[in-house]
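Structure below is model25.cif: mmCIF, C-alpha atoms.
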data_work
#
loop_
_atom_site.group_PDB
_atom_site.id
_atom_site.type_symbol
_atom_site.label_atom_id
_atom_site.label_comp_id
_atom_site.auth_asym_id
_atom_site.auth_seq_id
_atom_site.Cartn_x
_atom_site.Cartn_y
_atom_site.Cartn_z
ATOM 1 C CA MET A 1 -65.690 -2.116 -72.497
ATOM 2 C CA PRO A 2 -63.898 -3.438 -75.609
ATOM 3 C CA LYS A 3 -66.117 -4.765 -78.384
ATOM 4 C CA THR A 4 -66.499 -8.533 -78.535
ATOM 5 C CA LYS A 5 -64.827 -9.972 -81.599
ATOM 6 C CA PRO A 6 -67.456 -11.530 -83.915
ATOM 7 C CA THR A 7 -67.446 -15.293 -84.351
ATOM 8 C CA THR A 8 -65.932 -16.127 -87.724
ATOM 9 C CA VAL A 9 -67.473 -18.840 -89.883
ATOM 10 C CA SER A 10 -66.444 -21.094 -92.745
ATOM 11 C CA LEU A 11 -69.707 -21.895 -94.525
ATOM 12 C CA VAL A 12 -70.146 -25.091 -96.555
ATOM 13 C CA LEU A 13 -73.132 -24.980 -98.905
ATOM 14 C CA GLY A 14 -74.313 -28.319 -100.255
ATOM 15 C CA SER A 15 -75.912 -29.387 -103.523
ATOM 16 C CA GLY A 16 -79.584 -30.162 -103.966
ATOM 17 C CA GLY A 17 -81.274 -28.123 -106.685
ATOM 18 C CA ALA A 18 -83.992 -25.726 -105.559
ATOM 19 C CA ARG A 19 -83.478 -26.763 -101.936
ATOM 20 C CA GLY A 20 -80.285 -24.725 -102.242
ATOM 21 C CA LEU A 21 -82.417 -21.607 -101.918
ATOM 22 C CA THR A 22 -82.451 -22.404 -98.195
ATOM 23 C CA HIS A 23 -78.809 -21.257 -98.239
ATOM 24 C CA ILE A 24 -80.057 -17.678 -98.613
ATOM 25 C CA GLY A 25 -82.089 -17.841 -95.407
ATOM 26 C CA ILE A 26 -79.221 -19.495 -93.550
ATOM 27 C CA ILE A 27 -76.814 -16.735 -94.582
ATOM 28 C CA GLU A 28 -79.336 -14.088 -93.562
ATOM 29 C CA TRP A 29 -79.763 -15.644 -90.123
ATOM 30 C CA LEU A 30 -76.012 -15.893 -89.554
ATOM 31 C CA GLU A 31 -75.468 -12.262 -90.490
ATOM 32 C CA GLU A 32 -78.375 -11.037 -88.366
ATOM 33 C CA GLN A 33 -76.940 -12.858 -85.362
ATOM 34 C CA GLY A 34 -73.554 -11.184 -85.812
ATOM 35 C CA TYR A 35 -71.562 -14.072 -87.271
ATOM 36 C CA HIS A 36 -68.856 -13.059 -89.755
ATOM 37 C CA ILE A 37 -68.697 -15.363 -92.800
ATOM 38 C CA GLU A 38 -65.086 -15.343 -93.955
ATOM 39 C CA SER A 39 -65.113 -18.342 -96.267
ATOM 40 C CA VAL A 40 -67.624 -20.161 -98.478
ATOM 41 C CA ALA A 41 -67.227 -23.532 -100.180
ATOM 42 C CA GLY A 42 -70.042 -24.844 -102.340
ATOM 43 C CA ALA A 43 -71.138 -27.508 -104.780
ATOM 44 C CA SER A 44 -73.818 -27.069 -107.446
ATOM 45 C CA MET A 45 -76.549 -24.779 -106.083
ATOM 46 C CA GLY A 46 -74.316 -24.149 -103.087
ATOM 47 C CA ALA A 47 -71.616 -22.871 -105.441
ATOM 48 C CA LEU A 48 -74.129 -20.579 -107.146
ATOM 49 C CA VAL A 49 -75.572 -19.040 -103.970
ATOM 50 C CA GLY A 50 -72.133 -18.918 -102.343
ATOM 51 C CA GLY A 51 -70.602 -17.192 -105.356
ATOM 52 C CA VAL A 52 -73.345 -14.583 -105.526
ATOM 53 C CA TYR A 53 -72.922 -13.959 -101.785
ATOM 54 C CA ALA A 54 -69.131 -13.697 -102.045
ATOM 55 C CA ALA A 55 -69.582 -11.106 -104.800
ATOM 56 C CA GLY A 56 -71.841 -9.034 -102.519
ATOM 57 C CA GLU A 57 -75.007 -9.420 -104.586
ATOM 58 C CA LEU A 58 -77.119 -11.817 -102.522
ATOM 59 C CA ASP A 59 -79.892 -9.258 -101.913
ATOM 60 C CA ALA A 60 -80.279 -8.674 -105.658
ATOM 61 C CA TYR A 61 -80.364 -12.412 -106.325
ATOM 62 C CA ARG A 62 -82.890 -12.933 -103.542
ATOM 63 C CA SER A 63 -85.238 -10.321 -104.994
ATOM 64 C CA TRP A 64 -84.911 -11.809 -108.468
ATOM 65 C CA VAL A 65 -85.436 -15.448 -107.535
ATOM 66 C CA CYS A 66 -88.387 -14.628 -105.265
ATOM 67 C CA ALA A 67 -90.121 -12.997 -108.230
ATOM 68 C CA LEU A 68 -89.821 -16.087 -110.449
ATOM 69 C CA SER A 69 -93.030 -17.793 -111.456
ATOM 70 C CA ARG A 70 -93.320 -21.343 -112.732
ATOM 71 C CA GLY A 71 -93.456 -20.043 -116.289
ATOM 72 C CA ASP A 72 -90.323 -17.957 -115.731
ATOM 73 C CA VAL A 73 -88.396 -21.053 -114.654
ATOM 74 C CA LEU A 74 -89.288 -22.828 -117.905
ATOM 75 C CA ARG A 75 -88.320 -19.791 -119.989
ATOM 76 C CA PHE A 76 -84.770 -19.948 -118.634
ATOM 77 C CA LEU A 77 -84.300 -23.455 -120.065
ATOM 78 C CA ASP A 78 -82.421 -23.052 -123.372
ATOM 79 C CA PHE A 79 -82.356 -26.236 -125.433
ATOM 80 C CA ALA A 80 -78.928 -27.672 -126.188
ATOM 81 C CA PHE A 81 -79.918 -30.096 -128.986
ATOM 82 C CA SER A 82 -76.920 -32.089 -127.844
ATOM 83 C CA ALA A 83 -76.290 -35.560 -126.484
ATOM 84 C CA GLY A 84 -74.378 -33.927 -123.614
ATOM 85 C CA GLY A 85 -77.458 -32.510 -121.889
ATOM 86 C CA LEU A 86 -80.932 -31.106 -122.427
ATOM 87 C CA PHE A 87 -80.056 -27.462 -121.721
ATOM 88 C CA LYS A 88 -77.064 -25.204 -122.381
ATOM 89 C CA GLY A 89 -77.443 -23.025 -119.302
ATOM 90 C CA ASP A 90 -76.346 -19.925 -121.238
ATOM 91 C CA ARG A 91 -79.569 -18.040 -120.587
ATOM 92 C CA ILE A 92 -79.400 -18.340 -116.810
ATOM 93 C CA MET A 93 -75.659 -17.586 -116.777
ATOM 94 C CA GLU A 94 -76.125 -14.394 -118.798
ATOM 95 C CA THR A 95 -78.895 -13.295 -116.446
ATOM 96 C CA LEU A 96 -76.669 -13.861 -113.422
ATOM 97 C CA ARG A 97 -73.738 -12.070 -115.038
ATOM 98 C CA GLY A 98 -75.939 -9.047 -115.668
ATOM 99 C CA MET A 99 -77.024 -9.096 -112.023
ATOM 100 C CA VAL A 100 -73.695 -9.858 -110.330
ATOM 101 C CA GLY A 101 -71.086 -8.644 -112.816
ATOM 102 C CA GLU A 102 -67.843 -10.304 -113.876
ATOM 103 C CA HIS A 103 -65.451 -11.158 -111.027
ATOM 104 C CA LEU A 104 -62.223 -13.029 -110.460
ATOM 105 C CA ILE A 105 -62.543 -15.375 -107.493
ATOM 106 C CA GLU A 106 -59.230 -14.292 -105.985
ATOM 107 C CA GLU A 107 -60.472 -10.675 -105.865
ATOM 108 C CA LEU A 108 -63.735 -11.402 -104.034
ATOM 109 C CA PRO A 109 -64.088 -9.958 -100.514
ATOM 110 C CA VAL A 110 -64.982 -13.423 -99.165
ATOM 111 C CA SER A 111 -62.820 -16.495 -99.698
ATOM 112 C CA TYR A 112 -64.654 -18.767 -102.133
ATOM 113 C CA THR A 113 -64.264 -22.278 -103.527
ATOM 114 C CA ALA A 114 -66.572 -24.008 -105.994
ATOM 115 C CA VAL A 115 -66.347 -27.758 -106.485
ATOM 116 C CA ALA A 116 -66.869 -29.434 -109.870
ATOM 117 C CA VAL A 117 -65.992 -32.876 -111.241
ATOM 118 C CA ASP A 118 -63.577 -33.648 -114.069
ATOM 119 C CA ILE A 119 -65.472 -36.519 -115.641
ATOM 120 C CA ASP A 120 -62.533 -37.774 -117.734
ATOM 121 C CA ARG A 121 -60.107 -38.001 -114.799
ATOM 122 C CA GLN A 122 -62.885 -38.870 -112.322
ATOM 123 C CA ARG A 123 -61.747 -36.379 -109.700
ATOM 124 C CA GLU A 124 -62.840 -33.197 -107.972
ATOM 125 C CA VAL A 125 -61.755 -29.807 -109.289
ATOM 126 C CA TRP A 126 -61.672 -26.898 -106.835
ATOM 127 C CA PHE A 127 -62.091 -23.410 -108.255
ATOM 128 C CA SER A 128 -60.504 -20.850 -105.934
ATOM 129 C CA ARG A 129 -59.052 -18.644 -108.678
ATOM 130 C CA GLY A 130 -60.184 -17.477 -112.088
ATOM 131 C CA PRO A 131 -63.530 -16.243 -113.464
ATOM 132 C CA LEU A 132 -66.385 -16.667 -110.990
ATOM 133 C CA PHE A 133 -68.923 -17.748 -113.589
ATOM 134 C CA ASP A 134 -66.669 -20.453 -115.016
ATOM 135 C CA ALA A 135 -66.642 -21.940 -111.517
ATOM 136 C CA ILE A 136 -70.410 -21.629 -111.037
ATOM 137 C CA ARG A 137 -71.311 -22.972 -114.496
ATOM 138 C CA ALA A 138 -69.034 -25.990 -114.047
ATOM 139 C CA SER A 139 -70.376 -26.766 -110.581
ATOM 140 C CA ILE A 140 -74.066 -26.690 -111.620
ATOM 141 C CA ALA A 141 -73.673 -28.940 -114.696
ATOM 142 C CA VAL A 142 -76.127 -31.614 -113.532
ATOM 143 C CA PRO A 143 -75.546 -34.720 -115.695
ATOM 144 C CA SER A 144 -78.061 -35.094 -118.559
ATOM 145 C CA VAL A 145 -79.778 -31.819 -117.569
ATOM 146 C CA PHE A 146 -77.083 -29.213 -118.354
ATOM 147 C CA THR A 147 -74.312 -29.737 -120.878
ATOM 148 C CA PRO A 148 -70.821 -30.178 -119.388
ATOM 149 C CA HIS A 149 -68.656 -27.066 -119.084
ATOM 150 C CA GLN A 150 -65.272 -26.997 -120.785
ATOM 151 C CA VAL A 151 -62.420 -25.284 -118.895
ATOM 152 C CA ARG A 152 -58.701 -25.656 -119.673
ATOM 153 C CA GLY A 153 -59.297 -28.865 -121.603
ATOM 154 C CA MET A 154 -61.367 -30.440 -118.823
ATOM 155 C CA THR A 155 -64.953 -31.657 -119.213
ATOM 156 C CA LEU A 156 -66.610 -30.572 -115.971
ATOM 157 C CA LEU A 157 -69.842 -31.663 -114.315
ATOM 158 C CA ASP A 158 -71.811 -30.959 -111.140
ATOM 159 C CA GLY A 159 -69.688 -30.974 -107.991
ATOM 160 C CA GLY A 160 -72.365 -32.966 -106.160
ATOM 161 C CA LEU A 161 -71.337 -36.053 -108.122
ATOM 162 C CA LEU A 162 -68.352 -36.570 -105.815
ATOM 163 C CA ASN A 163 -68.738 -34.027 -103.021
ATOM 164 C CA PRO A 164 -72.277 -32.796 -102.260
ATOM 165 C CA VAL A 165 -71.114 -31.210 -98.951
ATOM 166 C CA PRO A 166 -67.586 -29.888 -99.718
ATOM 167 C CA ILE A 167 -66.071 -29.482 -96.257
ATOM 168 C CA ALA A 168 -62.445 -30.245 -97.198
ATOM 169 C CA PRO A 169 -61.804 -26.885 -98.966
ATOM 170 C CA THR A 170 -62.348 -25.143 -95.609
ATOM 171 C CA PHE A 171 -59.555 -27.029 -93.836
ATOM 172 C CA ARG A 172 -57.121 -24.216 -94.624
ATOM 173 C CA ASP A 173 -59.363 -21.599 -92.978
ATOM 174 C CA LEU A 174 -58.521 -20.013 -89.623
ATOM 175 C CA THR A 175 -62.114 -19.449 -88.541
ATOM 176 C CA ASP A 176 -63.913 -20.143 -85.269
ATOM 177 C CA LEU A 177 -66.627 -22.389 -86.691
ATOM 178 C CA THR A 178 -67.273 -24.557 -89.713
ATOM 179 C CA VAL A 179 -70.987 -24.658 -90.522
ATOM 180 C CA ALA A 180 -72.121 -27.160 -93.164
ATOM 181 C CA VAL A 181 -75.512 -27.270 -94.883
ATOM 182 C CA ASN A 182 -76.697 -30.688 -96.026
ATOM 183 C CA LEU A 183 -79.589 -30.461 -98.499
ATOM 184 C CA ASN A 184 -80.124 -34.228 -98.584
ATOM 185 C CA ALA A 185 -81.068 -34.924 -94.970
ATOM 186 C CA GLU A 186 -83.424 -37.696 -93.940
ATOM 187 C CA PRO A 187 -87.042 -36.434 -93.762
ATOM 188 C CA PRO A 188 -88.790 -36.599 -90.386
ATOM 189 C CA ARG A 189 -90.184 -40.084 -89.824
ATOM 190 C CA THR A 190 -93.123 -39.186 -87.607
ATOM 191 C CA GLY A 191 -95.513 -36.345 -86.955
ATOM 192 C CA PRO A 192 -97.548 -34.128 -89.253
ATOM 193 C CA ALA A 193 -96.241 -33.054 -92.645
ATOM 194 C CA SER A 194 -93.953 -30.053 -92.707
ATOM 195 C CA ASP A 195 -95.221 -26.665 -93.886
ATOM 196 C CA ALA A 196 -93.210 -27.063 -97.100
ATOM 197 C CA THR A 197 -94.627 -30.521 -97.805
ATOM 198 C CA THR A 198 -98.181 -29.434 -97.029
ATOM 199 C CA GLU A 199 -97.939 -26.389 -99.269
ATOM 200 C CA ALA A 200 -96.513 -28.476 -102.084
ATOM 201 C CA ALA A 201 -99.429 -30.888 -101.800
ATOM 202 C CA VAL A 202 -101.939 -28.076 -101.885
ATOM 203 C CA GLU A 203 -100.239 -26.501 -104.888
ATOM 204 C CA GLY A 204 -100.277 -29.826 -106.676
ATOM 205 C CA GLU A 205 -104.040 -30.088 -106.175
ATOM 206 C CA SER A 206 -104.755 -26.528 -107.257
ATOM 207 C CA ASP A 207 -102.558 -26.188 -110.343
ATOM 208 C CA GLY A 208 -103.468 -29.257 -112.378
ATOM 209 C CA SER A 209 -100.542 -31.422 -111.210
ATOM 210 C CA TYR A 210 -97.798 -28.964 -112.120
ATOM 211 C CA GLN A 211 -95.048 -31.372 -111.078
ATOM 212 C CA ASP A 212 -96.409 -34.059 -113.396
ATOM 213 C CA ARG A 213 -96.612 -31.610 -116.283
ATOM 214 C CA ILE A 214 -93.050 -30.329 -115.920
ATOM 215 C CA ARG A 215 -91.750 -33.891 -115.634
ATOM 216 C CA GLN A 216 -93.671 -34.870 -118.769
ATOM 217 C CA PHE A 217 -92.193 -31.869 -120.551
ATOM 218 C CA LEU A 218 -88.627 -32.748 -119.581
ATOM 219 C CA ASP A 219 -89.109 -36.448 -120.274
ATOM 220 C CA SER A 220 -90.457 -35.691 -123.746
ATOM 221 C CA LEU A 221 -87.273 -33.715 -124.517
ATOM 222 C CA GLY A 222 -85.285 -36.810 -123.605
ATOM 223 C CA GLY A 223 -87.354 -38.902 -126.019
ATOM 224 C CA SER A 224 -89.285 -40.849 -123.404
ATOM 225 C CA LEU A 225 -92.622 -39.619 -122.113
ATOM 226 C CA ARG A 226 -93.619 -40.332 -118.546
ATOM 227 C CA SER A 227 -95.657 -43.484 -118.383
ATOM 228 C CA PRO A 228 -99.397 -43.135 -117.584
ATOM 229 C CA ALA A 229 -98.775 -45.655 -114.824
ATOM 230 C CA ARG A 230 -97.740 -43.410 -111.931
ATOM 231 C CA SER A 231 -95.673 -46.191 -110.355
ATOM 232 C CA GLU A 232 -93.346 -46.256 -113.378
ATOM 233 C CA LEU A 233 -90.570 -43.659 -113.388
ATOM 234 C CA GLY A 234 -89.998 -41.447 -116.406
ATOM 235 C CA VAL A 235 -86.541 -40.385 -117.556
ATOM 236 C CA PHE A 236 -86.505 -37.135 -115.586
ATOM 237 C CA ASP A 237 -87.702 -38.794 -112.373
ATOM 238 C CA LEU A 238 -85.237 -41.651 -112.771
ATOM 239 C CA VAL A 239 -82.208 -39.407 -113.353
ATOM 240 C CA SER A 240 -83.206 -36.997 -110.585
ATOM 241 C CA ARG A 241 -83.839 -39.687 -107.982
ATOM 242 C CA SER A 242 -80.718 -41.632 -108.924
ATOM 243 C CA PHE A 243 -78.571 -38.501 -108.577
ATOM 244 C CA GLU A 244 -80.147 -37.639 -105.224
ATOM 245 C CA THR A 245 -79.726 -41.210 -103.934
ATOM 246 C CA MET A 246 -76.029 -41.066 -104.779
ATOM 247 C CA GLN A 247 -75.656 -37.652 -103.139
ATOM 248 C CA ASN A 248 -77.417 -38.860 -99.980
ATOM 249 C CA ALA A 249 -74.938 -41.687 -99.543
ATOM 250 C CA ILE A 250 -71.865 -39.552 -100.272
ATOM 251 C CA ALA A 251 -73.047 -36.697 -98.016
ATOM 252 C CA ALA A 252 -73.447 -39.092 -95.088
ATOM 253 C CA VAL A 253 -69.880 -40.345 -95.561
ATOM 254 C CA LYS A 254 -68.392 -36.845 -95.911
ATOM 255 C CA LEU A 255 -70.177 -35.523 -92.816
ATOM 256 C CA ALA A 256 -69.057 -38.515 -90.765
ATOM 257 C CA ALA A 257 -65.469 -38.275 -91.975
ATOM 258 C CA TYR A 258 -64.955 -34.514 -91.665
ATOM 259 C CA ALA A 259 -67.404 -33.594 -88.850
ATOM 260 C CA PRO A 260 -67.982 -29.830 -89.073
ATOM 261 C CA ASP A 261 -68.818 -27.905 -85.904
ATOM 262 C CA VAL A 262 -72.460 -27.436 -86.929
ATOM 263 C CA VAL A 263 -74.574 -29.240 -89.525
ATOM 264 C CA ILE A 264 -77.805 -27.638 -90.710
ATOM 265 C CA GLN A 265 -79.958 -30.454 -92.050
ATOM 266 C CA VAL A 266 -82.440 -29.603 -94.814
ATOM 267 C CA PRO A 267 -84.840 -32.523 -95.453
ATOM 268 C CA ARG A 268 -84.581 -33.826 -98.982
ATOM 269 C CA ASP A 269 -88.380 -33.790 -99.297
ATOM 270 C CA ALA A 270 -88.570 -30.031 -98.575
ATOM 271 C CA CYS A 271 -89.059 -29.460 -102.299
ATOM 272 C CA ALA A 272 -88.205 -31.053 -105.618
ATOM 273 C CA ALA A 273 -84.970 -30.136 -107.363
ATOM 274 C CA HIS A 274 -86.743 -28.101 -110.070
ATOM 275 C CA GLU A 275 -89.164 -26.106 -107.867
ATOM 276 C CA PHE A 276 -87.401 -22.749 -108.003
ATOM 277 C CA HIS A 277 -90.751 -20.956 -107.924
ATOM 278 C CA ARG A 278 -90.908 -21.832 -104.197
ATOM 279 C CA ALA A 279 -88.003 -19.517 -103.361
ATOM 280 C CA ARG A 280 -89.670 -17.544 -100.551
ATOM 281 C CA GLU A 281 -90.758 -20.729 -98.820
ATOM 282 C CA MET A 282 -87.280 -22.284 -99.063
ATOM 283 C CA ILE A 283 -85.566 -19.106 -97.817
ATOM 284 C CA GLU A 284 -87.855 -19.003 -94.785
ATOM 285 C CA LEU A 285 -87.183 -22.697 -94.151
ATOM 286 C CA GLY A 286 -83.425 -22.091 -94.226
ATOM 287 C CA TYR A 287 -83.794 -19.203 -91.796
ATOM 288 C CA ARG A 288 -85.754 -21.362 -89.339
ATOM 289 C CA LEU A 289 -83.403 -24.336 -89.619
ATOM 290 C CA ALA A 290 -80.382 -22.118 -88.990
ATOM 291 C CA ALA A 291 -82.020 -20.736 -85.841
ATOM 292 C CA GLU A 292 -82.795 -24.269 -84.627
ATOM 293 C CA ALA A 293 -79.314 -25.616 -85.330
ATOM 294 C CA MET A 294 -77.226 -22.666 -84.160
ATOM 295 C CA GLY A 295 -78.859 -21.654 -80.907
ATOM 296 C CA PRO A 296 -81.918 -20.620 -78.914
ATOM 297 C CA LYS A 297 -82.401 -17.236 -80.578
ATOM 298 C CA SER A 298 -85.558 -17.099 -82.667
ATOM 299 C CA GLY A 299 -85.860 -15.589 -86.119
ATOM 300 C CA THR A 300 -88.084 -12.658 -85.149
ATOM 301 C CA ALA A 301 -85.877 -10.064 -86.859
ATOM 302 C CA ARG A 302 -87.258 -11.036 -90.247
ATOM 303 C CA VAL A 303 -90.841 -10.377 -89.133
ATOM 304 C CA GLN A 304 -89.879 -7.030 -87.641
ATOM 305 C CA ARG A 305 -88.205 -6.018 -90.920
ATOM 306 C CA GLY A 306 -91.237 -7.128 -92.897
ATOM 307 C CA ARG A 307 -89.369 -9.672 -95.013
#

Written as structure tokens, how would this file's structure read?
Amino acid sequence: MPKTKPTTVSLVLGSGGARGLTHIGIIEWLEEQGYHIESVAGASMGALVGGVYAAGELDAYRSWVCALSRGDVLRFLDFAFSAGGLFKGDRIMETLRGMVGEHLIEELPVSYTAVAVDIDRQREVWFSRGPLFDAIRASIAVPSVFTPHQVRGMTLLDGGLLNPVPIAPTFRDLTDLTVAVNLNAEPPRTGPASDATTEAAVEGESDGSYQDRIRQFLDSLGGSLRSPARSELGVFDLVSRSFETMQNAIAAVKLAAYAPDVVIQVPRDACAAHEFHRAREMIELGYRLAAEAMGPKSGTARVQRGR
């Protein structure tokens, strides 16, 4: 009997901060089920995970990010002392370069596109050629958090500003399926809290309100401490929620207009944008959501492999 040709996939990885770690679990599930990912398009965290995957170093990145503690996350924040953003992003980029190596996008074994925004011309910029880490750094430049990235005279910011689920770059692909991951999905309206939400609540009780402390830290860098009144938003909360609100609205429009074959919906309350210390939890969530969205097969392979 001739071998069945594997189903080819164009994978669209959305923006959403630490929720983008679910992309790792989704990729793992697809590969375990025999899907062949031929193309990746990503914005922000989707561009980062997608670029690392396209370069063949996702396992190394997974091991590294799963070992991060809360303190490690803070140590990667290098102050910019600039009106353009709180952090330069050089420290995290150098770490990733050491892990992944330098690559030209056009030489990667998987077709790859990162989406950024040219803030002066108010338009999307698609990186499908050139240095991989120029593309990633431009696409993750969250306004007011990371300084803009300068490439060929353009001032570039986070791709999620205009296209948090970048489906359009995959239109040229000749694949069997387009699978899009939306990291800004509506949370469940009824029923008990999700495992991720419950764990976050427990962590908040046991660690002296870690989320409040990191928000106070970031707000103080912006010159405005979080108000003691919990109902009043600090600078970090306000910027983060405003950005996510905008992305939610744009993602809904893009998904309705371009309608991929499969949408994997990651609830926007799965974790906060800065909670990279919850990597293992987010990867497991992505794995489960991929299994639920793509078919009846369960994710037992991970347990059998001891992951």

**Q.** Who sits within 6 Å of His149 of chain A, all atoms listed in the file, same chain under 4 positions skipped, as a list of chain:residue names
**A.** A:Ala138, A:Thr155, A:Leu156

Q. Nearest to Ala55 of chain A among A:Leu108, A:Ala41, A:Pro6, A:Gly85, with distances taken over only C-alpha atoms: which residue is it?
A. A:Leu108

Q) How far is it from atom CA of Glu94 of chain A to atom CA of Gly16 of chain A, in Å with one decimal? A)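 One can read the atom CA of Glu94 of chain A to atom CA of Gly16 of chain A distance as 21.9 Å.
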
Q. What residues come out when you apply the PyMOL selection byres ((chain A and resi 247) around 12) to this file, written as a ChimeraX atom specification?
A. /A:14-17,43-44,158-166,182-185,240-246,248-255,268

Q) Residues at most 10 Å from Asp90 of chain A, counting all atoms listed in the file, excluding those fewer than 6 positions away in the same chain, as a list in words? A) Phe76, Leu77, Asp78, Phe79, Ala80, Leu96, Arg137 and Phe146 of chain A

Q.
Rounded to one decimal, what separation in Å do you get between atom CA of Gly286 of chain A and atom CA of Thr147 of chain A?
A.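 Atom-to-atom, atom CA of Gly286 of chain A and atom CA of Thr147 of chain A are spaced 29.2 Å apart.
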
Q: Using the chain letters and numbering of this document, enumerate as a PyMOL selection string the residues selected by the PyMOL selection byres ((chain A and resi 118) around 12).
A: chain A and resi 115-117+119-127+138-139+141+148-162

Let me see the file: selected residues, C-alpha atoms, as a PDB file, in the coordinates of the input.
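See result_35.pdb below for the written result:
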ATOM      1  CA  VAL A 115     -66.347 -27.758-106.485  1.00  0.00           C
ATOM      2  CA  ALA A 116     -66.869 -29.434-109.870  1.00  0.00           C
ATOM      3  CA  VAL A 117     -65.992 -32.876-111.241  1.00  0.00           C
ATOM      4  CA  ILE A 119     -65.472 -36.519-115.641  1.00  0.00           C
ATOM      5  CA  ASP A 120     -62.533 -37.774-117.734  1.00  0.00           C
ATOM      6  CA  ARG A 121     -60.107 -38.001-114.799  1.00  0.00           C
ATOM      7  CA  GLN A 122     -62.885 -38.870-112.322  1.00  0.00           C
ATOM      8  CA  ARG A 123     -61.747 -36.379-109.700  1.00  0.00           C
ATOM      9  CA  GLU A 124     -62.840 -33.197-107.972  1.00  0.00           C
ATOM     10  CA  VAL A 125     -61.755 -29.807-109.289  1.00  0.00           C
ATOM     11  CA  TRP A 126     -61.672 -26.898-106.835  1.00  0.00           C
ATOM     12  CA  PHE A 127     -62.091 -23.410-108.255  1.00  0.00           C
ATOM     13  CA  ALA A 138     -69.034 -25.990-114.047  1.00  0.00           C
ATOM     14  CA  SER A 139     -70.376 -26.766-110.581  1.00  0.00           C
ATOM     15  CA  ALA A 141     -73.673 -28.940-114.696  1.00  0.00           C
ATOM     16  CA  PRO A 148     -70.821 -30.178-119.388  1.00  0.00           C
ATOM     17  CA  HIS A 149     -68.656 -27.066-119.084  1.00  0.00           C
ATOM     18  CA  GLN A 150     -65.272 -26.997-120.785  1.00  0.00           C
ATOM     19  CA  VAL A 151     -62.420 -25.284-118.895  1.00  0.00           C
ATOM     20  CA  ARG A 152     -58.701 -25.656-119.673  1.00  0.00           C
ATOM     21  CA  GLY A 153     -59.297 -28.865-121.603  1.00  0.00           C
ATOM     22  CA  MET A 154     -61.367 -30.440-118.823  1.00  0.00           C
ATOM     23  CA  THR A 155     -64.953 -31.657-119.213  1.00  0.00           C
ATOM     24  CA  LEU A 156     -66.610 -30.572-115.971  1.00  0.00           C
ATOM     25  CA  LEU A 157     -69.842 -31.663-114.315  1.00  0.00           C
ATOM     26  CA  ASP A 158     -71.811 -30.959-111.140  1.00  0.00           C
ATOM     27  CA  GLY A 159     -69.688 -30.974-107.991  1.00  0.00           C
ATOM     28  CA  GLY A 160     -72.365 -32.966-106.160  1.00  0.00           C
ATOM     29  CA  LEU A 161     -71.337 -36.053-108.122  1.00  0.00           C
ATOM     30  CA  LEU A 162     -68.352 -36.570-105.815  1.00  0.00           C
TER      31      LEU A 162
END

Q: Skip Ile92 of chain A itself and residues of its chain fewer than 5 positions away, then list as a VMD selection string all residues within 12 Å of it, counting all atoms listed in the file.
A: chain A and resid 48 64 to 65 72 to 78 87 97 to 99 133 136 to 137 140 146

Q.
On this structure, the PyMOL selection byres ((chain A and resi 130) around 9) would catch which residues? List them as a ChimeraX atom specification, sorted by chain and number.
A. /A:103-106,127-129,131-135

Q. To one decimal place, how far is atom CA of Ala273 of chain A from atom CA of Arg19 of chain A in Å?
A. 6.6 Å

Q | Residues near Ile24 of chain A, cut-off 9 Å, all atoms listed in the file, skip fewer than 4 positions along chain, as a list in words | A | Gly20, Glu28, Trp29, Val49, Gly50, Tyr53, Leu58, Arg62, Met282, Ile283, Glu284, Gly286 and Tyr287 of chain A

Q. Which neighbours of Glu38 of chain A fall inside 8 Å, counting all atoms listed in the file, when residues of the same chain fewer than 4 positions from it are skipped, and could you give them as a PyMOL selection string?
A. chain A and resi 8-10+110-111+175

Atoms kept (C-alpha atoms) for selection, written as a PDB file, in the frame of the given file:
ATOM      1  CA  THR A   8     -65.932 -16.127 -87.724  1.00  0.00           C
ATOM      2  CA  VAL A   9     -67.473 -18.840 -89.883  1.00  0.00           C
ATOM      3  CA  SER A  10     -66.444 -21.094 -92.745  1.00  0.00           C
ATOM      4  CA  VAL A 110     -64.982 -13.423 -99.165  1.00  0.00           C
ATOM      5  CA  SER A 111     -62.820 -16.495 -99.698  1.00  0.00           C
ATOM      6  CA  THR A 175     -62.114 -19.449 -88.541  1.00  0.00           C
TER       7      THR A 175
END

Q. Which one is closest to Ala67 of chain A: A:Arg280, A:His36, A:His23, A:Arg288? Count all atoms listed in the file.
A. A:Arg280

What are the centre and edge lengths in Å, to one decimal, of the axis-aligned box around all listed atoms of segment 43-53 of chain A with 8 Å added on each side, as lines of an AutoDock Vina configuration file?
center_x = -73.6
center_y = -20.7
center_z = -104.6
size_x = 21.9
size_y = 29.5
size_z = 21.7

Q | Given only C-alpha atoms as the counted atoms, nearest of A:Ala257, A:Ile167, A:Ile37, A:Leu86 to Pro109 of chain A | A |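 That would be A:Ile37, the residue with the smallest distance to Pro109 of chain A.
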